[in-house]
Every structure is written in structure tokens, then in C-alpha cells.
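Below: the structure, in C-alpha cells.
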Protein chains: 2
Amino acid sequence: MSPRDPSSLDKRLEHLKAVARAKGLKLTHQRLEIFRELAATDEHPSADKIFRAVQRRMPTVSLDTVYRTLWMLHDVGLITTVGPEREAVRFDANLDQHHHYVCVQCGLVRDFESNELNALRVPASVHRLGSIVNAQVEVRGLCAKCQERPARGKKARSVSP
Amino acid sequence: MSPRDPSSLDKRLEHLKAVARAKGLKLTHQRLEIFRELAATDEHPSADKIFRAVQRRMPTVSLDTVYRTLWMLHDVGLITTVGPEREAVRFDANLDQHHHYVCVQCGLVRDFESNELNALRVPASVHRLGSIVNAQVEVRGLCAKCQERPARGKKARSVSP
DNA sequence: TTTGGTGCAAACCGTTTGCATCGCT
DNA sequence: AGCGATGCAAACGGTTTGCACCAAA
């Protein structure tokens, strides 16, 4: 079920249409191309990369439409981002093996430890990709504080805690 | 061994001094304060947060010294960053559970799958932090391509693949 | 006509860099 | 004196936003 698998792409386009119908989103030419571009690769491209690719077929698209579309797709749960969404780099002086809990709304990051998770083994296929420096678990969720005060109307995206 | 544990802070300061001695780094007042600030918390602050904290005790520090110091500490392996280092947000249309391999040099991201890792359980303590949306493994390493051509002299930090 | 979506350009913000100065050895 | 570290200010690059225009219902 790799993203390159054409049947997987079809499935995702189906899903997109279903969600669009359910939520009353307009599936404009631009939106369709942007989603298709992202769904057809497993390289996890940046907005700019998607922009340049879509631009080839559709010279009038603008970068900000790509951004708006991507976040819109993200908001309705059709796509995700890689790693914690954040506005700034976060640093870590804890060199012992540990794992992270990340709040998807406010960006809070907390360490936790687990011998069980420390012992996890990555599959052989990963070793073919390159060397391994470390492996850690990233748990995403809504932190206790953010559960109290429900999401703000607009950008539910990042804020330093 | 939480970062708030004062004995842990001491241990880290020891380590800092040892590495500084070994590598001939100058431990200026600024550098010491910046490291201390980071090592004393487990909030994984941004450069700006560290800057504001250090500034209280040392009103003349500048934000760029904080950045330079943090990356210097990072380059000698004394601190790390949370999540993949990247210059731009990367998007992902793969909603099935999967995991990521991230190259620490060029920023390449690749999916991989593992039933074993899909089944991992997070410790109870994490559930106290908030709700859980998903849990995935992030493996960091140097990808095959980057191993061939050794690191560039300057910033070994990010570039879109 | 009304409601969104889009494109453009300017604003924004985190981060980096060039350069002159400072402080330690 | 010599040399790396620092501070300042300006540049940079990714991202967002205000606004006018356009297209579909």
C-alpha cells in the first residue's frame, strides 16, 4: 500500500471526493492537482516542491493557493505533516534515550521513558535506507490543557507553550 | 534522570566541560548560561525562549549568539533537536499507520511499515499528559546517498532532497 | 447575486550572515 | 597582538494575509 501504488492513489482520490462531498468543499482543478501531486509520492514534499510540480501542468497556480489548500486538507483530516508542527526549532539537552509526547494544538513537548520502547527493533528494510543514529517514538495528541479550552476558531496550528 | 533533577543538570554540565576541554571550545559566560538554561528544563524550548530566559540574567546577550551557541552545541553532539530538522513543513497523504526514516543530513524522509511497531504500547504515564492521536516511530540516520559524499564543510543542516 | 476560491503583492517571523568590536590568552 | 566570540543590523527564506477579481451555485 505504498503511495506509488496506483490503486492506492485511486483510493485516496475516492476518499478525497467522499470527504469533499460530506463537508461541502469545492474540488477545484487546483485542489485536485495539489492533492494528486501529494498523494502520488512518498517523498513527503514541501509546499514549494508541490507548487513547482503542479505549476508545470497548471502555470497559473500560485504558491499561496498551494499553502491554503494543503492546510485545508490538513484541517479536514485528509493529510498530515511529518514531525511535530512547529514554528521554531526546539532543542533538547537530554541525550539519554527517551521518547516524545507532542500536543498537536499548542506544540507542547514532553519526554517520557519506556524500556519497552527503547528495545524496539526497526525492520531490516530500514537498514537498507541508510545508517541509524537513533529511533524514538513520537506520540501525538491533545494535551490536558488544550482539552479544557477547545480549539480556537482559526489556526489550530502551533504556539509556544 | 529527568532534566529537572539537579544531579542530572550537574552531570550534563560535567559533560559539557569535558567535551569543551577535549575539543578546545571556549566556555564563555554566555555559552554556559545558554547550555544551563536548556539543560535545566524538559520543555524543549525554542531559541527565542532560551534567549528571553538568559537575557534576564545577562541583559546584553543577543539572539544570534543563542542560535550560534545552540548549533555549535548541536554540532559537537551535546544537544539535539526535536523532530526532523527541516527548513520547510513536509506533508504526508498516507493516512495508514506507518513510520518514518529521516536523514539527518539531507532531510530525506521515507515511509516504512512494521506490524511490530504498529503494535507498540505507550506507557500509562503518557495517557496522563493528554489524549493520543497516534504514535509513530521516527528513525534518524544518514541515508545511503549522504554516506557516499561525506558532509559538506559548513552547515550539515537540511536541504530538500 | 452571493459565496467561496484564487492570484498578487506585501507583510511577517524565525533564522542566518557580514562586519566591526570585544575579551581572553 | 592575535583570534575566536559577540552584538548589531540587515538580509533571507518559508509562510501568511489583505484585497481585488473571478467562477460556480
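Following the order of the C-alpha cells, first chain is A, next is B, and so on, with residues numbered from 1 inside each chain and ligands from 1 in the order they appear.
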Practice problem: Report as a list in words the set of chain B residues whose atoms approach chain D to within 10 Å, with distances computed over only C-alpha atoms (C1' of nucleotides). | Solution: Leu25, Lys26, Thr28, Gln30, Arg31, Thr60, Val61, Ser62, Leu63, Asp64, Thr65, Arg68, Thr69, Glu87, Ala88 and Val89 of chain B
Quiz item: Can you tell me, as JSON, numbers by chain, what residues are no more than 10 Å from A:Leu16 when counting only C-alpha atoms (C1' of nucleotides), ignoring any on the same chain fewer than 5 positions away?
Solution: {"A": [10, 11, 21, 22, 25, 27, 32, 35, 36, 73, 76, 77, 78, 79]}
Exercise. Determine, counting only C-alpha atoms (C1' of nucleotides), which protein, DNA and RNA residues have an atom within 10 Å of an atom of stretch 139-149 of chain A; residues of the same chain fewer than 6 positions away are not included. Present the result as a list in words.
Key: Gly83, Pro84, His99, His100, Tyr101, Val102, Cys103, Val104, Gln105, Cys106, Gly107, Leu108, Val109, Arg110 and Phe112 of chain A; Val122, Val126, His127, Arg128, Leu129, Gly130, Ser131, Ile132, Val133, Asn134, Ala135, Gln136 and Val137 of chain B
Exercise. Do me a favour and pick out the residues of chain C within 12 Å of chain A, using only C-alpha atoms (C1' of nucleotides), as number ranges by chain.
Key: C: 3-9, 13-15
Exercise. Tell me, in Å to one decimal, how far atom CA of A:Asp75 is from atom CA of A:Arg57.
Key: 25.8 Å
Exercise. Apply DSSP to the backbone of this structure and, from chain A, keep only the residues in helix (DSSP H, G or I); write these as a PyMOL selection string.
Key: chain A and resi 6-23+29-39+47-57+63-75+115-118+124-127+144-148
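The spacing separating atom CA of B:Met58 from atom CA of A:Asn94 amounts to 24.2 Å.
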Exercise. Could you tell me how far atom CA of A:Lys49 lies from atom CA of A:Tyr67, in Å and to one decimal?
Key: 11.2 Å
